[in-house]
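Trainee: There's a structure below that I have some questions on.
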Amino acid sequence: MNSLTVRMARSSARHPWRAIVGWLVFVALCLAVGSAVGTNSARTADYRVGEAGRAEAMAAEGQLERRSAEQVLISARSGTLGTEAARAAVRDLTARMERLPEVAEVAAPVRSADGLILMVEVALRGEERDAKDKVDALTAQTTAVQRAHPELLLQETGSPSISKGVDEQRGDDLALSEKITLPVTLLTLLVVFGSLTMAAVPLLLALSSIAAAVGLSMVASHVSPDTGVGTNVILMIGLAVGVDYTLFYLKREREERARSGGRLSSQALVELAAATSGRAVMVSGFAVVASTATLYLASDVVFSSLATGTVVVVLVAMASSLTALPALLTVLGKRAERRSARRAERGRPVRRLRGGIGGSGEKGGSGEKGGSGERGGKGESGKRGESGGRVWTALLRPAARHPLATLGVSVLALLALVVPLAGLHITEMSRDTHSREIPAMRVYDRLNEAFPQHRVTHQVVVRADAARAAEVAEALDALTRLADADPLFTGTPRLRTSADHRVSTLELRVPYLGDSDQAYDSLDHLRHDYLPATVGRIAGAEYGVSGDVARYTDYPAHQNGKLPLVLGALLLVTLLMTLYAFRSVVLGLIGVALNLLSAAAALGLLVLVFQHTWAEGLLDFRSTGSIGSRVPLFLFVILFGLSMDYQVFVVSRIREAVLAGTPTRQAVLDGVRRSASVVTSAAVVMTTVFVSFVFLHIIEMKQIGFVLAAAVLLDAFVVRILILPSAMLLLGERSWWPARPERGTAEPRAQVPPGRPVVDVR
């Protein structure tokens, strides 16, 4: 046994305290370096895609880009709005705002149609993405005016204050998620191990990995800008895979300790675990990294940020499992050996270690029969200590006795969940979908009701030679007349031209909400009818339409265009990783097919729940009748990676038995039984993490949490317990085509020296 994982484990086991201190120093350095360099946040230009992005770039070239703005609503606390009081408040507000360096312009007040509300719009300087950091200065002045005019009601809203509110709500949600996830994860691990010490090991390693990954992600943001979602995904994926990898490793170490009856040293046990589960952790970790890296092909800053966070935290979690974990197990094992030796000296009986996870084993045997269970004979199936117990035997019975029927029924059940996918409606989640628990959103609703002409603004951008400025102005005037005759448009258009006369912008307002059909229809009229008939006739002119609705339209279209490339690369990566792990084309194709099936079934379930209203009260959301544009692609990529965890761990156990001489049929049943408890425990932990995100207010995060939790449960309990064993039992030896494993080539076991004490490390 001299693989890389074994050498790493051996080094950690020989110098455990050096490895533990080294890991802690590594985590501290990651946080220190990350804090020193800071986070490089994505800029407005990084988000530009499609026609809207090109139009925004042209407007920025002429310094005519849209400014972020806040709207202050002034009304009477009761009755009608007095003219003198309103004028005094407007003068005070305008004077205060104009003195702020953050403010570019304060517009003249606009009165609502019913005369009850005045609206003052304040435009901010600088980057659109930075506006939320400047909003505190504006709200402070609004509050000051409110104190000076207590008879009036002043309320502020706008994209910056809404973004700030969303960020604050996200922070509160993440804190709630941690309060839910950490105790439930610890409780699950206590049930799994029956020991607080052993339960704390996976959790502490996962948390330390998350801390290191947060620091490293700050450094990585200077290569791939952070969009503010990196920490979310690090917490979600880091806790899931961090606990998973540790469980896989601990499962094998405890099995070997129970099998040896306490007669192997802690170092030898760690090396045995590293040779098997350590390799599985490394393969599955790189599989997650490789599959997640396909998100970079989407050419989208948000997906790149998600990919960076996932890749960093998976690599760190994998490193902790292969270095710090062997050291911790060695320290705990040596402490238990000393405790057992003292008990023996006092003539007290020494307790034996349970052989499995979650109480699946009774006592660790020391003999070859039934203890090692390599041949899958009576000893293993009779005692059930290592094979998973009666529960897993019962769950596997359908696949063992009727593999064809089990395969058919299971696949049909998943296909039934795929059916709702035919009605999938993907949209970009707009500002209108945010929770009304955010104060700025409630004021936003009031603004939309009182000033419908401010609901949506399309920005038409034209770039042409300066010599054609007159032609451009004439064409935009014709466009204005067309918009005036269209009931989808309202208000007075605003025309601006750059100093060099090369870029012109025309702002057209629409009196409908941004997520309405009328708003999208108005965009279609502009892009497909009015612009080609006017500006489109100017030779050499470039034009486009930007604005919120244009962004909501172009982003899903951009993702749909990238989906075939990303999905194709994902399928290829999954196939190649399976080929590397098991040298089997058949298993590679099965893995790809099963991943596709479980992901599609989970996505169909998501459509069934979130595109309709029946589950709104149950999951506390307001249905938009659609699925967030980022959800399907993120699901496929992350699920393909996480599914490799289970695939590698389960099939590795099967392949190990085959290499030891067990017939494929018996190896499949024994391998699934042996791995069932740890796969289930890992799935429960991972599901708990994902379900906690369902309690978040942001609808897209709710959808991601729900669909990943559903996908993990389907993968762990349907795919790995029913479909995979049924398929392998039907295929038999053909499962390993073209390279059938050679019998007797399994990793050699360490010799068990006689006379060593039985050890309890609980």
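Ordering of the structure tokens sets the chain letters (A, B, ...), residue numbers begin anew at 1 in every chain, and ligands are numbered from 1 in the order given.
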For stretch 421-438 of chain A, find every residue with an atom within 9 Å (counting only C-alpha atoms), except residues of its own chain fewer than 6 positions away, and show them as a PyMOL selection string.
Mentor: chain A and resi 159+162-163+165-166+169+444-445+513-515+548-549+551-556+600-601+603-608+611+621-632+697-700
Trainee: Which residues, written as a ChimeraX atom specification, have at least one atom at most 9 Å from A:Val314, with only C-alpha atoms counted and residues fewer than 3 positions away on the same chain left out?
Mentor: /A:209,213,234,237-238,241-242,285-286,288-289,309-311,317-319
Trainee: Could the residues in this selection be written to a file with C-alpha atoms, as a PDB file, in the first residue's frame?
Mentor:
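Everything below was put into again-v9.pdb:
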```pdb
ATOM      1  CA  SER A 209     -12.618  23.708   5.751  1.00  0.00           C
ATOM      2  CA  ALA A 213     -12.265  28.202   1.780  1.00  0.00           C
ATOM      3  CA  ILE A 234     -19.238  27.640   0.284  1.00  0.00           C
ATOM      4  CA  ILE A 237     -21.477  22.722  -0.388  1.00  0.00           C
ATOM      5  CA  GLY A 238     -18.694  22.880   2.210  1.00  0.00           C
ATOM      6  CA  VAL A 241     -19.087  17.426   1.218  1.00  0.00           C
ATOM      7  CA  GLY A 242     -16.941  18.106   4.284  1.00  0.00           C
ATOM      8  CA  GLY A 285     -13.525  15.156  -4.821  1.00  0.00           C
ATOM      9  CA  PHE A 286     -11.820  15.632  -8.160  1.00  0.00           C
ATOM     10  CA  VAL A 288     -16.951  17.310  -8.108  1.00  0.00           C
ATOM     11  CA  VAL A 289     -14.230  19.794  -9.035  1.00  0.00           C
ATOM     12  CA  GLY A 309     -16.619  28.839  -4.395  1.00  0.00           C
ATOM     13  CA  THR A 310     -17.496  25.184  -4.975  1.00  0.00           C
ATOM     14  CA  VAL A 311     -14.101  24.212  -6.383  1.00  0.00           C
ATOM     15  CA  ALA A 317     -12.496  19.622   2.344  1.00  0.00           C
ATOM     16  CA  MET A 318     -10.701  16.887   0.445  1.00  0.00           C
ATOM     17  CA  ALA A 319      -7.333  18.041   1.809  1.00  0.00           C
TER      18      ALA A 319
END
```
Trainee: Report, in Å with one decimal, the straight-line distance from atom CA of A:Pro725 to atom CA of A:Val668.
Mentor: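 Here the two named atoms are 6.3 Å from each other.
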Trainee: What does the distance between atom CA of A:Ser161 and atom CA of A:Leu508 come to in Å, to one decimal place?
Mentor: 23.6 Å
Trainee: Fewer than 3 positions away in the same chain doesn't count, so skip those; otherwise give me all residues within 9 Å of A:His558, counting only C-alpha atoms, as a list of chain:residue names.
Mentor: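 With the cut-off at 9 Å, the set is A:Val49, A:Gly50, A:Ala298, A:Asp300, A:Thr553, A:Asp554, A:Tyr555, A:Gly561, A:Lys562, A:Leu563.
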Trainee: Using only C-alpha atoms, which residue out of A:Ala569, A:Leu476, A:Val672, A:Val460 lies closest to A:Leu64?
Mentor: A:Val460
